[in-house]
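Below is one structure, written out as structure tokens, with a few remarks after it.
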Amino acid sequence: MRISLLDRSRTRAGYSDIAALTHTIERAVSAERLGYHRFWVAEHHAVPGIASASPPVLLGALGAHTTTIRIGSGGVMLPHHQPLVVAEQFLMLDALYPDRVDLGVGRTLGFTAPVRRALRHGLDAPDTFTEDIEELRDHLDGAAPVTARPVAERTIPIFVLATGKGLAVAARLGLPVVIGGPVLSSPSLPDALAAYRDEFRPSLRAPEPAVTVSLDVLVADTDAEARDLALPEAWAMARSRQTGEFGPLEPVAAIRAQPWTNQLRERVEAQLAQGAIGSPATVRSHLDRLVEATGAQEIVAFSSTYDRAAQAASDAALRDLARD
């Protein structure tokens, strides 16, 4: 089982946004030492709990601090960018860190209306996702009317972060998909994946369909300890549905000391249920079932917790689990 990491540069109570970026770099260095295959970063705009807004910039720092691990975006949100500019950024990264760079692309818009206005992209804007990927691909491959530089010396992998329509787009363009979130528990997922595989058109980047599953994964000695590790993220997500703001990770003790309504407790439990969280045996069983259900070739774990030492221990345990 191939397992990679996705780090969203989660902010932590008592730490600055700058510290969150430093923590991401340190985690990437550790992931390389542990033998992970990939380390990806994300794009989120004006979110208090996430410091990473520019994957290409952060990837430049990751590449400078590592030597072998693949680095990439999970992902660049194409509605916010011009395909030529994205191609130039990733061509430059690939020139600096040859054959190590992955380009994951998605279509998620800003979470709030003010953010969408700041990004100059409204909910009523035309959907050009397919055309944008095609244009991006042509720029990367030197097949566009203008030549993006530095000129490519190799093919940069493209992954589509897909739900629903995105699967059909990836199939038509012959690209691997990354699926995650609520879609993993959707009763329509088997049919959607079957359609992706049936309709897949082989391409230079993917001769056959390829599925990666992304979810929260945290490993500890016991299920109870792992649930504690997962609580800060679940709490932040549940609270965001009340306040409209996705905040920094908080210590477990501070979370437990706050008032809990029944609704908040239900939301926390629902969030915890979406991840692979527990002892090594529990997590392995969960991931095995998920791989069997989806036919995934790879798992991308986007776990985060307040306790960085516990996060590092979880990463090490997950890597050991993948070797079994």
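The chains in the structure tokens are called A, B, ... from first to last as shown; in each chain the residues are counted from 1, and the ligands are counted from 1 in the order shown.
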
Residues near A:Glu135, cut-off 8 Å, only C-alpha atoms, skip fewer than 5 positions along chain, as number ranges by chain: A: 83-84, 144

Pick out the residues sitting within 9 Å of stretch 199-214 of chain A, and hand them over as a CSV table (one decimal) with N, CA and C atoms, in the first residue's frame; count only C-alpha atoms, and ignore anything fewer than 4 positions along from it in its own chain.
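Below is the file that was written, result.csv:
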```csv
chain,number,residue,atom,x,y,z
A,6,LEU,N,-0.3,14.8,2.8
A,6,LEU,CA,-0.7,16.2,2.4
A,6,LEU,C,-0.8,17.0,3.7
A,155,THR,N,7.9,15.2,-18.6
A,155,THR,CA,6.5,15.4,-18.4
A,155,THR,C,6.1,15.5,-16.9
A,156,ILE,N,5.5,16.6,-16.6
A,156,ILE,CA,5.0,16.8,-15.2
A,156,ILE,C,3.7,16.2,-15.0
A,157,PRO,N,3.6,15.3,-14.0
A,157,PRO,CA,2.3,14.6,-13.7
A,157,PRO,C,1.2,15.6,-13.3
A,158,ILE,N,0.0,15.3,-13.8
A,158,ILE,CA,-1.1,16.1,-13.4
A,158,ILE,C,-2.1,15.2,-12.8
A,168,ALA,N,-15.5,12.7,-14.6
A,168,ALA,CA,-15.7,12.6,-16.0
A,168,ALA,C,-14.7,13.4,-16.8
A,170,ALA,N,-11.6,14.0,-15.8
A,170,ALA,CA,-10.3,13.3,-15.7
A,170,ALA,C,-10.3,12.1,-16.7
A,171,ALA,N,-11.4,11.4,-16.8
A,171,ALA,CA,-11.5,10.3,-17.7
A,171,ALA,C,-11.3,10.8,-19.2
A,172,ARG,N,-12.0,11.9,-19.5
A,172,ARG,CA,-11.9,12.4,-20.9
A,172,ARG,C,-10.5,12.9,-21.2
A,173,LEU,N,-9.8,13.4,-20.3
A,173,LEU,CA,-8.4,13.9,-20.5
A,173,LEU,C,-7.3,12.9,-20.2
A,174,GLY,N,-7.7,11.7,-19.7
A,174,GLY,CA,-6.7,10.7,-19.5
A,174,GLY,C,-5.8,11.0,-18.3
A,175,LEU,N,-6.4,11.4,-17.2
A,175,LEU,CA,-5.6,11.9,-16.0
A,175,LEU,C,-6.0,11.1,-14.8
A,176,PRO,N,-5.0,10.9,-13.9
A,176,PRO,CA,-5.3,10.3,-12.6
A,176,PRO,C,-6.3,11.2,-11.7
A,177,VAL,N,-7.0,10.6,-10.8
A,177,VAL,CA,-7.9,11.3,-10.0
A,177,VAL,C,-7.5,11.1,-8.5
A,178,VAL,N,-7.8,12.2,-7.7
A,178,VAL,CA,-7.7,12.1,-6.3
A,178,VAL,C,-9.1,12.4,-5.7
A,179,ILE,N,-9.7,11.5,-4.9
A,179,ILE,CA,-11.0,11.6,-4.4
A,179,ILE,C,-10.9,11.7,-2.9
A,180,GLY,N,-11.8,12.4,-2.2
A,180,GLY,CA,-11.8,12.5,-0.8
A,180,GLY,C,-13.0,13.2,-0.3
A,181,GLY,N,-13.1,13.3,1.0
A,181,GLY,CA,-14.3,14.1,1.6
A,181,GLY,C,-15.5,13.2,1.6
A,184,LEU,N,-16.5,9.9,-0.4
A,184,LEU,CA,-16.1,8.6,-0.1
A,184,LEU,C,-17.2,7.8,0.6
A,193,LEU,N,-16.9,5.8,-10.0
A,193,LEU,CA,-15.6,5.3,-10.3
A,193,LEU,C,-15.6,4.3,-11.5
A,194,ALA,N,-16.7,3.5,-11.6
A,194,ALA,CA,-16.8,2.6,-12.7
A,194,ALA,C,-16.9,3.3,-14.0
A,195,ALA,N,-17.6,4.4,-14.0
A,195,ALA,CA,-17.7,5.3,-15.2
A,195,ALA,C,-16.4,5.9,-15.6
A,290,LEU,N,-11.1,0.5,2.4
A,290,LEU,CA,-11.2,1.6,1.5
A,290,LEU,C,-10.6,1.3,0.1
A,291,VAL,N,-9.4,0.7,0.2
A,291,VAL,CA,-8.7,0.3,-1.1
A,291,VAL,C,-9.5,-0.7,-1.8
A,294,THR,N,-12.6,1.0,-3.5
A,294,THR,CA,-12.3,2.0,-4.5
A,294,THR,C,-11.3,1.6,-5.6
A,295,GLY,N,-10.6,0.5,-5.3
A,295,GLY,CA,-9.5,0.1,-6.2
A,295,GLY,C,-8.4,1.1,-6.3
A,296,ALA,N,-8.2,1.9,-5.2
A,296,ALA,CA,-7.2,2.9,-5.2
A,296,ALA,C,-5.8,2.4,-5.2
A,297,GLN,N,-4.9,3.0,-5.9
A,297,GLN,CA,-3.5,2.6,-5.9
A,297,GLN,C,-2.7,3.4,-4.8
A,298,GLU,N,-3.2,4.4,-4.2
A,298,GLU,CA,-2.5,5.2,-3.3
A,298,GLU,C,-3.4,5.9,-2.3
A,299,ILE,N,-2.9,6.1,-1.1
A,299,ILE,CA,-3.7,6.8,-0.1
A,299,ILE,C,-2.9,8.1,0.2
A,300,VAL,N,-3.6,9.3,0.3
A,300,VAL,CA,-2.9,10.5,0.7
A,300,VAL,C,-3.6,10.9,2.0
A,301,ALA,N,-2.8,10.9,3.1
A,301,ALA,CA,-3.2,11.3,4.4
A,301,ALA,C,-3.1,12.7,4.7
A,302,PHE,N,-4.2,13.4,5.0
A,302,PHE,CA,-4.0,14.9,5.2
A,302,PHE,C,-4.2,15.2,6.7
```

Who sits within 8 Å of stretch 260-270 of chain A, only C-alpha atoms, same chain under 6 positions skipped, as a ChimeraX atom specification: /A:231,234-235,237-239

Print the selection's residues with C-alpha atoms to a file, as a PDB file, in the first residue's frame.
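What ended up in out-v1.pdb:
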```
ATOM      1  CA  LEU A 231     -10.170  15.936  18.140  1.00  0.00           C
ATOM      2  CA  ALA A 234     -12.770  17.637  14.207  1.00  0.00           C
ATOM      3  CA  TRP A 235     -13.493  20.416  16.714  1.00  0.00           C
ATOM      4  CA  MET A 237     -14.483  21.730  11.552  1.00  0.00           C
ATOM      5  CA  ALA A 238     -17.547  21.389  13.774  1.00  0.00           C
ATOM      6  CA  ARG A 239     -17.092  24.886  15.183  1.00  0.00           C
TER       7      ARG A 239
END
```

Straight-line distance linking atom CA of A:Ala162 with atom CA of A:Pro79, stated in Å to one decimal: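 Separating atom CA of A:Ala162 from atom CA of A:Pro79 is a distance of 14.2 Å.
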
Selection: 8 Å around A:Ala230, only C-alpha atoms, excl. self and same-chain fewer than 4 positions, as a PyMOL selection string: chain A and resi 218+226+234+272+277+303-305

Secondary structure check, strand (DSSP E or B) residues of stretch 233-316 of chain A, as JSON, numbers by chain: {"A": [249, 276, 277, 278, 298, 299, 300, 301]}

Counting only C-alpha atoms, which residues of stretch 31-66 of chain A sit at most 9 Å from some atom of stretch 94-97 of chain A, and what is each one's closest atom pair with its distance in Å to one decimal, listed by chain and rising residue number, as a Markdown table?
```
| residue | atom | partner | partner_atom | distance |
| --- | --- | --- | --- | --- |
| A:Gly60 | CA | A:Leu96 | CA | 8.4 |
| A:Gly63 | CA | A:Tyr97 | CA | 6.4 |
| A:Ala64 | CA | A:Tyr97 | CA | 8.3 |
```

Export, as a CSV table (one decimal), in the first residue's frame, the selected residues with N, CA, C and O atoms.
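Now in selection-v8.csv:
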```
chain,number,residue,atom,x,y,z
A,60,GLY,N,8.6,25.5,-3.4
A,60,GLY,CA,10.0,25.9,-3.6
A,60,GLY,C,10.8,25.8,-2.4
A,60,GLY,O,12.0,25.3,-2.4
A,63,GLY,N,11.3,21.9,-1.7
A,63,GLY,CA,12.3,21.3,-2.6
A,63,GLY,C,13.7,21.7,-2.1
A,63,GLY,O,14.7,20.9,-2.2
A,64,ALA,N,13.9,22.9,-1.6
A,64,ALA,CA,15.2,23.3,-1.1
A,64,ALA,C,15.7,22.6,0.2
A,64,ALA,O,16.9,22.5,0.4
```

Can you list every residue in stretch 115-276 of chain A that DSSP puts in alpha helix (DSSP H), as a PDB file with C-alpha atoms, in the first residue's frame?
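Contents of part_1.pdb, freshly written:
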```
ATOM      1  CA  VAL A 115     -12.956  35.807  -0.439  1.00  0.00           C
ATOM      2  CA  ARG A 116     -14.558  34.995  -3.774  1.00  0.00           C
ATOM      3  CA  ARG A 117     -14.868  38.704  -4.524  1.00  0.00           C
ATOM      4  CA  ALA A 118     -11.222  39.232  -3.607  1.00  0.00           C
ATOM      5  CA  PHE A 129     -12.321  23.729 -15.635  1.00  0.00           C
ATOM      6  CA  THR A 130     -11.947  21.290 -18.530  1.00  0.00           C
ATOM      7  CA  GLU A 131     -10.648  23.943 -20.888  1.00  0.00           C
ATOM      8  CA  ASP A 132      -8.262  25.273 -18.243  1.00  0.00           C
ATOM      9  CA  ILE A 133      -6.735  21.825 -17.679  1.00  0.00           C
ATOM     10  CA  GLU A 134      -6.338  21.317 -21.409  1.00  0.00           C
ATOM     11  CA  GLU A 135      -4.646  24.691 -21.782  1.00  0.00           C
ATOM     12  CA  LEU A 136      -2.430  24.028 -18.758  1.00  0.00           C
ATOM     13  CA  ARG A 137      -1.426  20.642 -20.159  1.00  0.00           C
ATOM     14  CA  ASP A 138      -0.565  22.169 -23.536  1.00  0.00           C
ATOM     15  CA  HIS A 139       1.604  24.818 -21.896  1.00  0.00           C
ATOM     16  CA  LEU A 140       3.431  22.180 -19.847  1.00  0.00           C
ATOM     17  CA  ASP A 141       4.012  20.053 -22.932  1.00  0.00           C
ATOM     18  CA  LYS A 165     -18.177  15.934 -12.682  1.00  0.00           C
ATOM     19  CA  GLY A 166     -14.432  16.043 -12.082  1.00  0.00           C
ATOM     20  CA  LEU A 167     -14.229  12.282 -12.560  1.00  0.00           C
ATOM     21  CA  ALA A 168     -15.719  12.606 -16.029  1.00  0.00           C
ATOM     22  CA  VAL A 169     -13.282  15.417 -16.862  1.00  0.00           C
ATOM     23  CA  ALA A 170     -10.317  13.297 -15.744  1.00  0.00           C
ATOM     24  CA  ALA A 171     -11.530  10.306 -17.749  1.00  0.00           C
ATOM     25  CA  ARG A 172     -11.896  12.374 -20.910  1.00  0.00           C
ATOM     26  CA  LEU A 173      -8.449  13.940 -20.502  1.00  0.00           C
ATOM     27  CA  LEU A 189     -19.233   6.463  -5.643  1.00  0.00           C
ATOM     28  CA  PRO A 190     -18.919   2.903  -7.026  1.00  0.00           C
ATOM     29  CA  ASP A 191     -20.873   3.851 -10.132  1.00  0.00           C
ATOM     30  CA  ALA A 192     -18.900   7.088 -10.540  1.00  0.00           C
ATOM     31  CA  LEU A 193     -15.574   5.252 -10.316  1.00  0.00           C
ATOM     32  CA  ALA A 194     -16.797   2.561 -12.707  1.00  0.00           C
ATOM     33  CA  ALA A 195     -17.750   5.264 -15.208  1.00  0.00           C
ATOM     34  CA  TYR A 196     -14.331   6.913 -14.788  1.00  0.00           C
ATOM     35  CA  ARG A 197     -12.594   3.636 -15.566  1.00  0.00           C
ATOM     36  CA  ASP A 198     -14.914   2.726 -18.445  1.00  0.00           C
ATOM     37  CA  GLU A 199     -14.667   6.133 -20.108  1.00  0.00           C
ATOM     38  CA  ASP A 223      -8.066   3.913  19.382  1.00  0.00           C
ATOM     39  CA  ALA A 224      -8.820   6.290  22.265  1.00  0.00           C
ATOM     40  CA  GLU A 225      -5.445   8.011  21.994  1.00  0.00           C
ATOM     41  CA  ALA A 226      -5.878   8.412  18.244  1.00  0.00           C
ATOM     42  CA  ARG A 227      -9.327   9.960  18.734  1.00  0.00           C
ATOM     43  CA  ASP A 228      -7.721  12.522  21.037  1.00  0.00           C
ATOM     44  CA  LEU A 229      -5.220  13.339  18.303  1.00  0.00           C
ATOM     45  CA  ALA A 230      -8.050  13.798  15.811  1.00  0.00           C
ATOM     46  CA  LEU A 231     -10.170  15.936  18.140  1.00  0.00           C
ATOM     47  CA  PRO A 232      -8.541  19.349  17.380  1.00  0.00           C
ATOM     48  CA  GLU A 233      -9.260  19.026  13.651  1.00  0.00           C
ATOM     49  CA  ALA A 234     -12.770  17.637  14.207  1.00  0.00           C
ATOM     50  CA  TRP A 235     -13.493  20.416  16.714  1.00  0.00           C
ATOM     51  CA  ALA A 236     -12.320  23.128  14.327  1.00  0.00           C
ATOM     52  CA  MET A 237     -14.483  21.730  11.552  1.00  0.00           C
ATOM     53  CA  ALA A 238     -17.547  21.389  13.774  1.00  0.00           C
ATOM     54  CA  ARG A 239     -17.092  24.886  15.183  1.00  0.00           C
ATOM     55  CA  SER A 240     -16.729  26.329  11.690  1.00  0.00           C
ATOM     56  CA  ARG A 241     -20.283  25.256  10.938  1.00  0.00           C
ATOM     57  CA  GLN A 242     -21.452  27.365  13.874  1.00  0.00           C
ATOM     58  CA  THR A 243     -19.210  30.398  13.456  1.00  0.00           C
ATOM     59  CA  VAL A 252      -7.219  18.746  23.536  1.00  0.00           C
ATOM     60  CA  ALA A 253      -7.474  19.903  27.159  1.00  0.00           C
ATOM     61  CA  ALA A 254      -8.633  23.352  26.076  1.00  0.00           C
ATOM     62  CA  ILE A 255     -11.263  21.839  23.804  1.00  0.00           C
ATOM     63  CA  ARG A 256     -12.643  19.577  26.511  1.00  0.00           C
ATOM     64  CA  ASN A 262     -25.481  18.198  21.721  1.00  0.00           C
ATOM     65  CA  GLN A 263     -25.332  19.485  18.155  1.00  0.00           C
ATOM     66  CA  LEU A 264     -21.638  20.271  18.447  1.00  0.00           C
ATOM     67  CA  ARG A 265     -20.931  16.833  19.888  1.00  0.00           C
ATOM     68  CA  GLU A 266     -22.800  15.176  17.014  1.00  0.00           C
ATOM     69  CA  ARG A 267     -20.835  17.178  14.483  1.00  0.00           C
ATOM     70  CA  VAL A 268     -17.524  16.279  16.108  1.00  0.00           C
ATOM     71  CA  GLU A 269     -18.459  12.594  16.112  1.00  0.00           C
ATOM     72  CA  ALA A 270     -19.511  12.775  12.471  1.00  0.00           C
ATOM     73  CA  GLN A 271     -16.198  14.359  11.565  1.00  0.00           C
ATOM     74  CA  LEU A 272     -14.209  11.737  13.479  1.00  0.00           C
ATOM     75  CA  ALA A 273     -16.126   8.980  11.693  1.00  0.00           C
TER      76      ALA A 273
END
```

Atomic separation - atom CA of A:Val57 relative to atom CA of A:Val151, Å: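 Computing the Euclidean distance for atom CA of A:Val151 and atom CA of A:Val57 yields 19.4 Å.
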
Residue with smallest distance to A:Ala53 - pool A:Asp17, A:Asp315, A:Glu292, A:Glu250, counting only C-alpha atoms: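 Once distances to A:Ala53 are computed over only C-alpha atoms, the minimum belongs to A:Asp17.
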
d(atom CA of A:Ala257, atom CA of A:Asp307) in Å: 17.1 Å

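Restricting the calculation to only C-alpha atoms, the smallest distance between A:Gly275 and any of A:Val105, A:Ala322, A:Leu215, A:Met77 is found for A:Leu215.
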
Residue nearest A:Arg154 among A:Arg100, A:Arg107, A:Arg33, A:Arg284 (counting only C-alpha atoms): A:Arg100
